[in-house]
Amino acid sequence: MNAIKPRETLNLEKVACPNSFVRTKLKLEEMEQGQVLEVILDDGEPIKNVPRAVKEEGHEIMKVEKLDNKWRLLIKKA
Amino acid sequence: MAEYNIKELKSGGLMKQKEKDLFSLRLRVVGGYVKSEQLVILSEIANKYGKGYIHLTTRQGVEIPNINFKDFEKVRKELAEVELEMGACGQRVRTVTACQGKECSHGLIDCLFLAREIDKKFFGIGGYPHKFKIGITGCPNACIKPQENDLGIMGRLKKRFVKENCDYCGLCAQVCPVGAIEVDKDNEKIIFHEDKCIGCGDCVYSCPTNAWQKRQEGYTIFVGGKMGKFPKLGIRAFDFVETKEEVFKIIEKTLQFYKEFGKQGERFRDTLDRVGLDNYKEYVR
């Protein structure tokens, strides 16, 4: 799994909802199908909202990793 | 001016104002759902007969203030053309409130559909000791505040865990609002405290690998909530009702119980406190 190389990275530390999801969505819009986006999210609301919203939009969450007070997601664009 | 009986008029949604001959017209609205073409007519009526505005009530209803009693029949006809009817006041089943249900990303049940069915069956029926309010909310976020209604309905979900799908990322434990899930990544173990689970479905909707899956939707029923001068929150009387049919049966039996045991002028909660929750539950089941 560590071999997955993200195409783009979005650091959303200190970015509150709903902007955390909006920015993730906008970034995914710019990308091609199958490309992988790495997102760094804060604990709390962002990690509660972003993964489910990304899933609802049909993208695949390939990896979820906890890093201290942050989370790292790898999202494959559908 | 013709003679009229205020009490009788009230049943049809005419709210007397302080000003002589003026009424606020309360309409029958279900779950705050109003079509855009109805809004256009509401605007026209408010301009033509009222003072150019409408009032949105706390229970998602619409009232058109400042209608002169002599215009009432004309207004009623114009409303009927876009399928708008007068609402309910007095000792009746009132406006059924509902959230957006499945249109919201948290909604677990189709609230509007349920609200329409309940409205069709029970709206405006009178002969009870006092008013009776029903509210439907799609999930345990409870935006519609089911606990403030004489009978509140809340969507819930039961789930299953598919071990093979889980990669123990820990997201479910993080999103769970009540700490019902513990994830032991090192030993690849999930501990689920079912007694803590409130059935919001956050774990199911967040799980990246579909290890948490929806098993069944259902309904929690609260009874005896009220606001006003002596507010009380509704009591969680039925924790997980599995079918819509059962929900209907509970509403029907509850109204029957209220009619049979309630004293004139008493809200349902007072009947419940006086007669006893256990007796009520036994009556309904």
# chains A, B, ... in the order shown; residues from 1 in each chain; ligands from 1
>>> select_by_dssp(residues="segment 4-239 of chain B", states="strand (DSSP E or B)", output="PyMOL selection string")
chain B and resi 14-16+22-27+55-56+62-68+86+92-98+126+132-137+151-161+181-184+189-192+212-223+226+232+235-239
>>> write_last_selection(atoms="C-alpha atoms", output="compact mmCIF listing (two decimals), in the first residue's frame")
# COMPACT_ATOMS: atom_id res chain seq x y z
CA LEU B 14 -58.19 31.28 10.45
CA MET B 15 -56.26 32.95 13.24
CA LYS B 16 -57.99 36.02 14.59
CA LEU B 22 -58.43 40.74 10.23
CA PHE B 23 -57.21 37.16 10.25
CA SER B 24 -53.97 35.38 9.59
CA LEU B 25 -54.65 32.47 7.25
CA ARG B 26 -52.84 29.32 8.26
CA LEU B 27 -52.26 26.86 5.44
CA HIS B 55 -45.23 34.55 7.87
CA LEU B 56 -43.29 31.27 8.16
CA VAL B 62 -47.18 29.31 6.05
CA GLU B 63 -49.57 31.99 7.28
CA ILE B 64 -50.86 34.94 5.30
CA PRO B 65 -51.53 37.74 7.79
CA ASN B 66 -53.92 40.68 7.49
CA ILE B 67 -56.66 39.05 5.45
CA ASN B 68 -60.03 40.70 5.91
CA MET B 86 -56.48 25.81 5.05
CA ARG B 92 -56.69 18.63 16.37
CA VAL B 93 -53.84 16.78 14.73
CA ARG B 94 -51.68 19.63 13.49
CA THR B 95 -49.20 20.22 10.71
CA VAL B 96 -46.86 17.27 10.29
CA THR B 97 -43.28 18.55 10.28
CA ALA B 98 -40.42 16.77 8.53
CA GLY B 126 -60.36 16.61 16.00
CA PHE B 132 -51.60 16.91 18.83
CA LYS B 133 -48.32 17.48 17.01
CA ILE B 134 -46.31 15.00 14.98
CA GLY B 135 -42.77 15.57 13.71
CA ILE B 136 -40.48 13.35 11.65
CA THR B 137 -36.72 13.58 11.56
CA LEU B 151 -45.36 12.10 18.91
CA GLY B 152 -41.95 12.30 17.29
CA ILE B 153 -40.50 9.87 14.77
CA MET B 154 -36.77 9.52 14.16
CA GLY B 155 -34.96 7.50 11.51
CA ARG B 156 -32.44 4.95 12.72
CA LEU B 157 -30.24 2.30 11.26
CA LYS B 158 -29.02 -1.12 12.28
CA LYS B 159 -25.78 -2.32 10.77
CA ARG B 160 -23.62 -5.35 10.26
CA PHE B 161 -19.85 -5.78 10.33
CA ILE B 181 -16.61 1.34 18.31
CA GLU B 182 -13.05 0.51 19.33
CA VAL B 183 -10.48 -0.48 16.74
CA ASP B 184 -7.42 -2.51 17.69
CA LYS B 189 -9.95 -6.50 16.18
CA ILE B 190 -13.12 -4.41 16.31
CA ILE B 191 -15.05 -4.07 19.55
CA PHE B 192 -18.62 -2.87 19.02
CA TRP B 212 -19.77 -1.53 8.10
CA GLN B 213 -22.94 -2.08 6.11
CA LYS B 214 -26.55 -1.09 6.55
CA ARG B 215 -28.66 -4.01 7.72
CA GLN B 216 -32.00 -2.36 8.33
CA GLU B 217 -33.69 1.03 8.60
CA GLY B 218 -36.15 1.67 11.37
CA TYR B 219 -37.85 4.23 13.53
CA THR B 220 -37.52 5.48 17.10
CA ILE B 221 -40.72 6.92 18.58
CA PHE B 222 -40.80 9.65 21.20
CA VAL B 223 -44.01 10.53 22.98
CA LYS B 226 -44.32 19.70 24.25
CA LYS B 232 -41.12 18.77 28.48
CA ILE B 235 -39.87 10.11 26.14
CA ARG B 236 -38.22 7.45 23.97
CA ALA B 237 -41.14 5.01 24.15
CA PHE B 238 -40.28 2.66 21.27
CA ASP B 239 -36.61 2.29 20.55
>>> interface_residues(of="chain A", to="chain B", cutoff="9 Å", atoms="only C-alpha atoms", output="VMD selection string")
chain A and resid 43 to 45 47 to 56 60 to 66
>>> residues_around(residues="Lys77 of chain A", least_positions_apart="3", cutoff="8 Å", atoms="only C-alpha atoms", output="PyMOL selection string")
chain A and resi 28+31-37+59-60
>>> select_by_dssp(residues="chain A", states="helix (DSSP H, G or I)", output="PyMOL selection string")
chain A and resi 19-30+45-56
>>> residues_around(residues="Tyr280 of chain B", least_positions_apart="2", cutoff="10 Å", atoms="only C-alpha atoms", output="number ranges by chain")
B: 237, 253-254, 257-258, 261, 271-273, 275-278, 282-285
>>> atom_distance(atom1="atom CA of His130 of chain B", atom2="atom CA of Gly31 of chain B")
21.5 Å
>>> atom_distance(atom1="atom CA of Phe268 of chain B", atom2="atom CA of Ala88 of chain B")
17.6 Å
>>> atom_distance(atom1="atom CA of Gln147 of chain B", atom2="atom CA of Arg269 of chain B")
11.5 Å
>>> closest_residue(among="A:Ile40, A:Ala78, A:Lys70, A:Lys27", to="Asn11 of chain A", atoms="only C-alpha atoms")
A:Ile40
>>> closest_residue(among="A:Glu13, A:Glu38, A:Pro6, A:Leu26", to="Asn69 of chain A", atoms="only C-alpha atoms")
A:Glu13
>>> residues_around(residues="Lys14 of chain A", least_positions_apart="4", cutoff="10 Å", atoms="only C-alpha atoms", output="PyMOL selection string")
chain A and resi 20+41-43+46
>>> write_last_selection(atoms="N, CA and C atoms", output="mmCIF file, in the first residue's frame")
data_model
loop_
_atom_site.group_PDB
_atom_site.id
_atom_site.type_symbol
_atom_site.label_atom_id
_atom_site.label_comp_id
_atom_site.auth_asym_id
_atom_site.auth_seq_id
_atom_site.Cartn_x
_atom_site.Cartn_y
_atom_site.Cartn_z
ATOM 1 N N SER A 20 -13.319 22.170 3.664
ATOM 2 C CA SER A 20 -12.426 21.012 3.522
ATOM 3 C C SER A 20 -12.934 20.097 2.420
ATOM 4 N N LEU A 41 -6.029 15.978 6.631
ATOM 5 C CA LEU A 41 -7.182 16.579 7.304
ATOM 6 C C LEU A 41 -6.975 16.665 8.801
ATOM 7 N N ASP A 42 -7.625 17.642 9.423
ATOM 8 C CA ASP A 42 -7.608 17.728 10.886
ATOM 9 C C ASP A 42 -8.577 16.724 11.494
ATOM 10 N N ASP A 43 -8.356 16.427 12.738
ATOM 11 C CA ASP A 43 -9.296 15.660 13.550
ATOM 12 C C ASP A 43 -10.607 16.430 13.660
ATOM 13 N N PRO A 46 -13.678 17.792 10.061
ATOM 14 C CA PRO A 46 -13.221 17.415 8.719
ATOM 15 C C PRO A 46 -13.142 15.889 8.503
#
